[in-house]
Amino acid sequence: QVQLAESGGGSAQAGGSLRLSCTASGNTFGRYCLGWFRQVLGLEREGVARIRVLGNTTYADFVKGRFTISRDNTKNTHYLQMNNLQPEDTAKYYCAAAKNIKACYGDSWNTPGNWNNWGQGAQVTVSS
């Protein structure tokens, strides 16, 4: 298990940018697949992006070309750079970490139940 702590987020105008960071405790960070999810109040949590141990990335269609997930194993931190933000991106964003096959290598990476380590969440609000 790892403890995840998020930072970043906040408010932006449509077309603007924000960056989220997520720092993990422990010394096995490099063995984890890492992800970002988001949730609007009253709706289900949905997968935004995943990055594997060797850096391969996967994105939800609704953020492709706008968001970039990355990791820095020397800092135990992964990031979500969000560009060209739109009002529909308004949500609470959660970072996640996992080592199981479903989260790391399967097509069901965007199922929250496949991830077992979560950050506390960071609000992102985009105004038009």
# chains A, B, ... in the order shown; residues from 1 in each chain; ligands from 1
>>> residues_around(residues="stretch 30-40 of chain A", least_positions_apart="4", cutoff="7 Å", atoms="only C-alpha atoms", output="PyMOL selection string")
chain A and resi 44-53+73+91-99+104
>>> write_last_selection(atoms="C-alpha atoms", output="mmCIF file, in the first residue's frame")
data_model
loop_
_atom_site.group_PDB
_atom_site.id
_atom_site.type_symbol
_atom_site.label_atom_id
_atom_site.label_comp_id
_atom_site.auth_asym_id
_atom_site.auth_seq_id
_atom_site.Cartn_x
_atom_site.Cartn_y
_atom_site.Cartn_z
ATOM 1 C CA GLU A 44 -19.872 7.698 -10.922
ATOM 2 C CA ARG A 45 -16.127 8.147 -10.771
ATOM 3 C CA GLU A 46 -14.609 7.864 -14.239
ATOM 4 C CA GLY A 47 -11.121 7.123 -15.486
ATOM 5 C CA VAL A 48 -9.195 9.976 -17.064
ATOM 6 C CA ALA A 49 -5.706 8.591 -17.718
ATOM 7 C CA ARG A 50 -3.299 5.811 -16.781
ATOM 8 C CA ILE A 51 0.468 5.480 -16.948
ATOM 9 C CA ARG A 52 2.177 2.125 -16.673
ATOM 10 C CA VAL A 53 5.448 1.277 -14.939
ATOM 11 C CA ASN A 73 9.981 8.153 -10.120
ATOM 12 C CA ALA A 91 -15.053 17.721 -11.180
ATOM 13 C CA LYS A 92 -13.132 16.438 -8.209
ATOM 14 C CA TYR A 93 -9.996 14.722 -9.473
ATOM 15 C CA TYR A 94 -8.486 11.728 -7.693
ATOM 16 C CA CYS A 95 -5.085 10.158 -8.174
ATOM 17 C CA ALA A 96 -4.725 6.393 -7.866
ATOM 18 C CA ALA A 97 -2.075 3.685 -7.750
ATOM 19 C CA ALA A 98 -2.212 -0.070 -8.254
ATOM 20 C CA LYS A 99 -0.083 -3.102 -9.098
ATOM 21 C CA CYS A 104 -2.111 -1.898 -15.214
#
>>> select_by_dssp(residues="chain A", states="alpha helix (DSSP H)", output="list in words")
Ile101, Lys102, Ala103, Cys104 and Tyr105 of chain A
>>> closest_residue(among="A:Lys102, A:Gly15, A:Pro87, A:Asp107", to="A:Arg66", atoms="only C-alpha atoms")
A:Gly15
>>> closest_residue(among="A:Asn116, A:Thr111, A:Ser21, A:Asn27", to="A:Ser70", atoms="only C-alpha atoms")
A:Ser21
>>> select_by_dssp(residues="chain A", states="strand (DSSP E)", output="count of residues only")
60
>>> closest_residue(among="A:Ala103, A:Val126, A:Leu54, A:Leu41", to="A:Leu18", atoms="only C-alpha atoms")
A:Val126
>>> decode(residues="stretch 70-102 of chain A", atoms="N, CA, C and O atoms", output="mmCIF file, in the first residue's frame")
data_model
loop_
_atom_site.group_PDB
_atom_site.id
_atom_site.type_symbol
_atom_site.label_atom_id
_atom_site.label_comp_id
_atom_site.auth_asym_id
_atom_site.auth_seq_id
_atom_site.Cartn_x
_atom_site.Cartn_y
_atom_site.Cartn_z
ATOM 1 N N SER A 70 1.959 12.006 -16.580
ATOM 2 C CA SER A 70 3.392 11.733 -16.561
ATOM 3 C C SER A 70 3.790 11.307 -15.152
ATOM 4 O O SER A 70 2.998 11.462 -14.210
ATOM 5 N N ARG A 71 5.005 10.769 -15.028
ATOM 6 C CA ARG A 71 5.481 10.335 -13.716
ATOM 7 C C ARG A 71 6.957 10.676 -13.576
ATOM 8 O O ARG A 71 7.700 10.680 -14.558
ATOM 9 N N ASP A 72 7.355 10.942 -12.358
ATOM 10 C CA ASP A 72 8.754 11.177 -12.030
ATOM 11 C C ASP A 72 9.086 10.265 -10.850
ATOM 12 O O ASP A 72 8.767 10.584 -9.700
ATOM 13 N N ASN A 73 9.711 9.136 -11.162
ATOM 14 C CA ASN A 73 9.981 8.153 -10.120
ATOM 15 C C ASN A 73 11.002 8.660 -9.095
ATOM 16 O O ASN A 73 11.043 8.153 -7.967
ATOM 17 N N THR A 74 11.819 9.630 -9.471
ATOM 18 C CA THR A 74 12.792 10.164 -8.516
ATOM 19 C C THR A 74 12.109 11.007 -7.436
ATOM 20 O O THR A 74 12.688 11.232 -6.365
ATOM 21 N N LYS A 75 10.906 11.468 -7.726
ATOM 22 C CA LYS A 75 10.161 12.297 -6.777
ATOM 23 C C LYS A 75 8.937 11.589 -6.221
ATOM 24 O O LYS A 75 8.149 12.199 -5.491
ATOM 25 N N ASN A 76 8.737 10.320 -6.591
ATOM 26 C CA ASN A 76 7.538 9.579 -6.155
ATOM 27 C C ASN A 76 6.261 10.340 -6.501
ATOM 28 O O ASN A 76 5.300 10.341 -5.723
ATOM 29 N N THR A 77 6.253 10.972 -7.654
ATOM 30 C CA THR A 77 5.134 11.855 -8.001
ATOM 31 C C THR A 77 4.654 11.595 -9.418
ATOM 32 O O THR A 77 5.461 11.337 -10.316
ATOM 33 N N HIS A 78 3.347 11.633 -9.603
ATOM 34 C CA HIS A 78 2.815 11.662 -10.947
ATOM 35 C C HIS A 78 1.929 12.881 -11.128
ATOM 36 O O HIS A 78 1.468 13.478 -10.142
ATOM 37 N N TYR A 79 1.720 13.254 -12.378
ATOM 38 C CA TYR A 79 1.117 14.532 -12.714
ATOM 39 C C TYR A 79 -0.014 14.356 -13.722
ATOM 40 O O TYR A 79 -0.041 13.400 -14.487
ATOM 41 N N LEU A 80 -0.896 15.327 -13.735
ATOM 42 C CA LEU A 80 -1.888 15.440 -14.793
ATOM 43 C C LEU A 80 -1.876 16.889 -15.257
ATOM 44 O O LEU A 80 -2.329 17.777 -14.544
ATOM 45 N N GLN A 81 -1.304 17.111 -16.441
ATOM 46 C CA GLN A 81 -1.316 18.427 -17.056
ATOM 47 C C GLN A 81 -2.598 18.550 -17.871
ATOM 48 O O GLN A 81 -2.843 17.741 -18.773
ATOM 49 N N MET A 82 -3.401 19.557 -17.554
ATOM 50 C CA MET A 82 -4.697 19.733 -18.200
ATOM 51 C C MET A 82 -4.685 21.037 -18.981
ATOM 52 O O MET A 82 -4.596 22.123 -18.388
ATOM 53 N N ASN A 83 -4.760 20.919 -20.295
ATOM 54 C CA ASN A 83 -4.781 22.083 -21.179
ATOM 55 C C ASN A 83 -6.127 22.198 -21.867
ATOM 56 O O ASN A 83 -6.887 21.223 -21.957
ATOM 57 N N ASN A 84 -6.406 23.376 -22.373
ATOM 58 C CA ASN A 84 -7.673 23.640 -23.058
ATOM 59 C C ASN A 84 -8.859 23.142 -22.228
ATOM 60 O O ASN A 84 -9.749 22.431 -22.731
ATOM 61 N N LEU A 85 -8.866 23.501 -20.984
ATOM 62 C CA LEU A 85 -9.934 23.060 -20.083
ATOM 63 C C LEU A 85 -11.284 23.598 -20.527
ATOM 64 O O LEU A 85 -11.385 24.721 -21.060
ATOM 65 N N GLN A 86 -12.303 22.808 -20.299
ATOM 66 C CA GLN A 86 -13.682 23.160 -20.649
ATOM 67 C C GLN A 86 -14.567 23.042 -19.416
ATOM 68 O O GLN A 86 -14.240 22.294 -18.483
ATOM 69 N N PRO A 87 -15.697 23.744 -19.393
ATOM 70 C CA PRO A 87 -16.582 23.662 -18.221
ATOM 71 C C PRO A 87 -16.974 22.228 -17.869
ATOM 72 O O PRO A 87 -17.135 21.914 -16.682
ATOM 73 N N GLU A 88 -17.088 21.363 -18.844
ATOM 74 C CA GLU A 88 -17.461 19.970 -18.559
ATOM 75 C C GLU A 88 -16.344 19.185 -17.886
ATOM 76 O O GLU A 88 -16.558 18.047 -17.453
ATOM 77 N N ASP A 89 -15.142 19.773 -17.778
ATOM 78 C CA ASP A 89 -14.061 19.140 -17.028
ATOM 79 C C ASP A 89 -14.159 19.423 -15.528
ATOM 80 O O ASP A 89 -13.372 18.882 -14.743
ATOM 81 N N THR A 90 -15.109 20.253 -15.132
ATOM 82 C CA THR A 90 -15.302 20.556 -13.717
ATOM 83 C C THR A 90 -15.670 19.283 -12.959
ATOM 84 O O THR A 90 -16.619 18.585 -13.305
ATOM 85 N N ALA A 91 -14.865 18.950 -11.952
ATOM 86 C CA ALA A 91 -15.053 17.721 -11.180
ATOM 87 C C ALA A 91 -14.028 17.697 -10.056
ATOM 88 O O ALA A 91 -13.121 18.532 -10.005
ATOM 89 N N LYS A 92 -14.178 16.720 -9.191
ATOM 90 C CA LYS A 92 -13.132 16.438 -8.209
ATOM 91 C C LYS A 92 -12.242 15.363 -8.820
ATOM 92 O O LYS A 92 -12.739 14.325 -9.258
ATOM 93 N N TYR A 93 -10.947 15.626 -8.844
ATOM 94 C CA TYR A 93 -9.996 14.722 -9.473
ATOM 95 C C TYR A 93 -9.249 13.940 -8.402
ATOM 96 O O TYR A 93 -8.770 14.513 -7.421
ATOM 97 N N TYR A 94 -9.130 12.632 -8.636
ATOM 98 C CA TYR A 94 -8.486 11.728 -7.693
ATOM 99 C C TYR A 94 -7.304 11.035 -8.366
ATOM 100 O O TYR A 94 -7.439 10.518 -9.488
ATOM 101 N N CYS A 95 -6.175 10.974 -7.675
ATOM 102 C CA CYS A 95 -5.085 10.158 -8.174
ATOM 103 C C CYS A 95 -5.204 8.754 -7.574
ATOM 104 O O CYS A 95 -5.836 8.564 -6.532
ATOM 105 N N ALA A 96 -4.614 7.783 -8.270
ATOM 106 C CA ALA A 96 -4.725 6.393 -7.866
ATOM 107 C C ALA A 96 -3.451 5.641 -8.211
ATOM 108 O O ALA A 96 -2.703 6.048 -9.113
ATOM 109 N N ALA A 97 -3.230 4.542 -7.501
ATOM 110 C CA ALA A 97 -2.075 3.685 -7.750
ATOM 111 C C ALA A 97 -2.487 2.231 -7.563
ATOM 112 O O ALA A 97 -3.332 1.921 -6.711
ATOM 113 N N ALA A 98 -1.893 1.346 -8.353
ATOM 114 C CA ALA A 98 -2.212 -0.070 -8.254
ATOM 115 C C ALA A 98 -1.095 -0.894 -8.867
ATOM 116 O O ALA A 98 -0.292 -0.380 -9.666
ATOM 117 N N LYS A 99 -1.060 -2.181 -8.514
ATOM 118 C CA LYS A 99 -0.083 -3.102 -9.098
ATOM 119 C C LYS A 99 -0.751 -4.305 -9.729
ATOM 120 O O LYS A 99 -0.058 -5.205 -10.187
ATOM 121 N N ASN A 100 -2.086 -4.345 -9.785
ATOM 122 C CA ASN A 100 -2.729 -5.540 -10.328
ATOM 123 C C ASN A 100 -2.881 -5.473 -11.843
ATOM 124 O O ASN A 100 -2.776 -4.406 -12.452
ATOM 125 N N ILE A 101 -3.152 -6.623 -12.429
ATOM 126 C CA ILE A 101 -3.181 -6.739 -13.888
ATOM 127 C C ILE A 101 -4.304 -5.910 -14.495
ATOM 128 O O ILE A 101 -4.131 -5.258 -15.527
ATOM 129 N N LYS A 102 -5.472 -5.908 -13.857
ATOM 130 C CA LYS A 102 -6.624 -5.206 -14.435
ATOM 131 C C LYS A 102 -6.361 -3.712 -14.545
ATOM 132 O O LYS A 102 -6.706 -3.074 -15.532
#
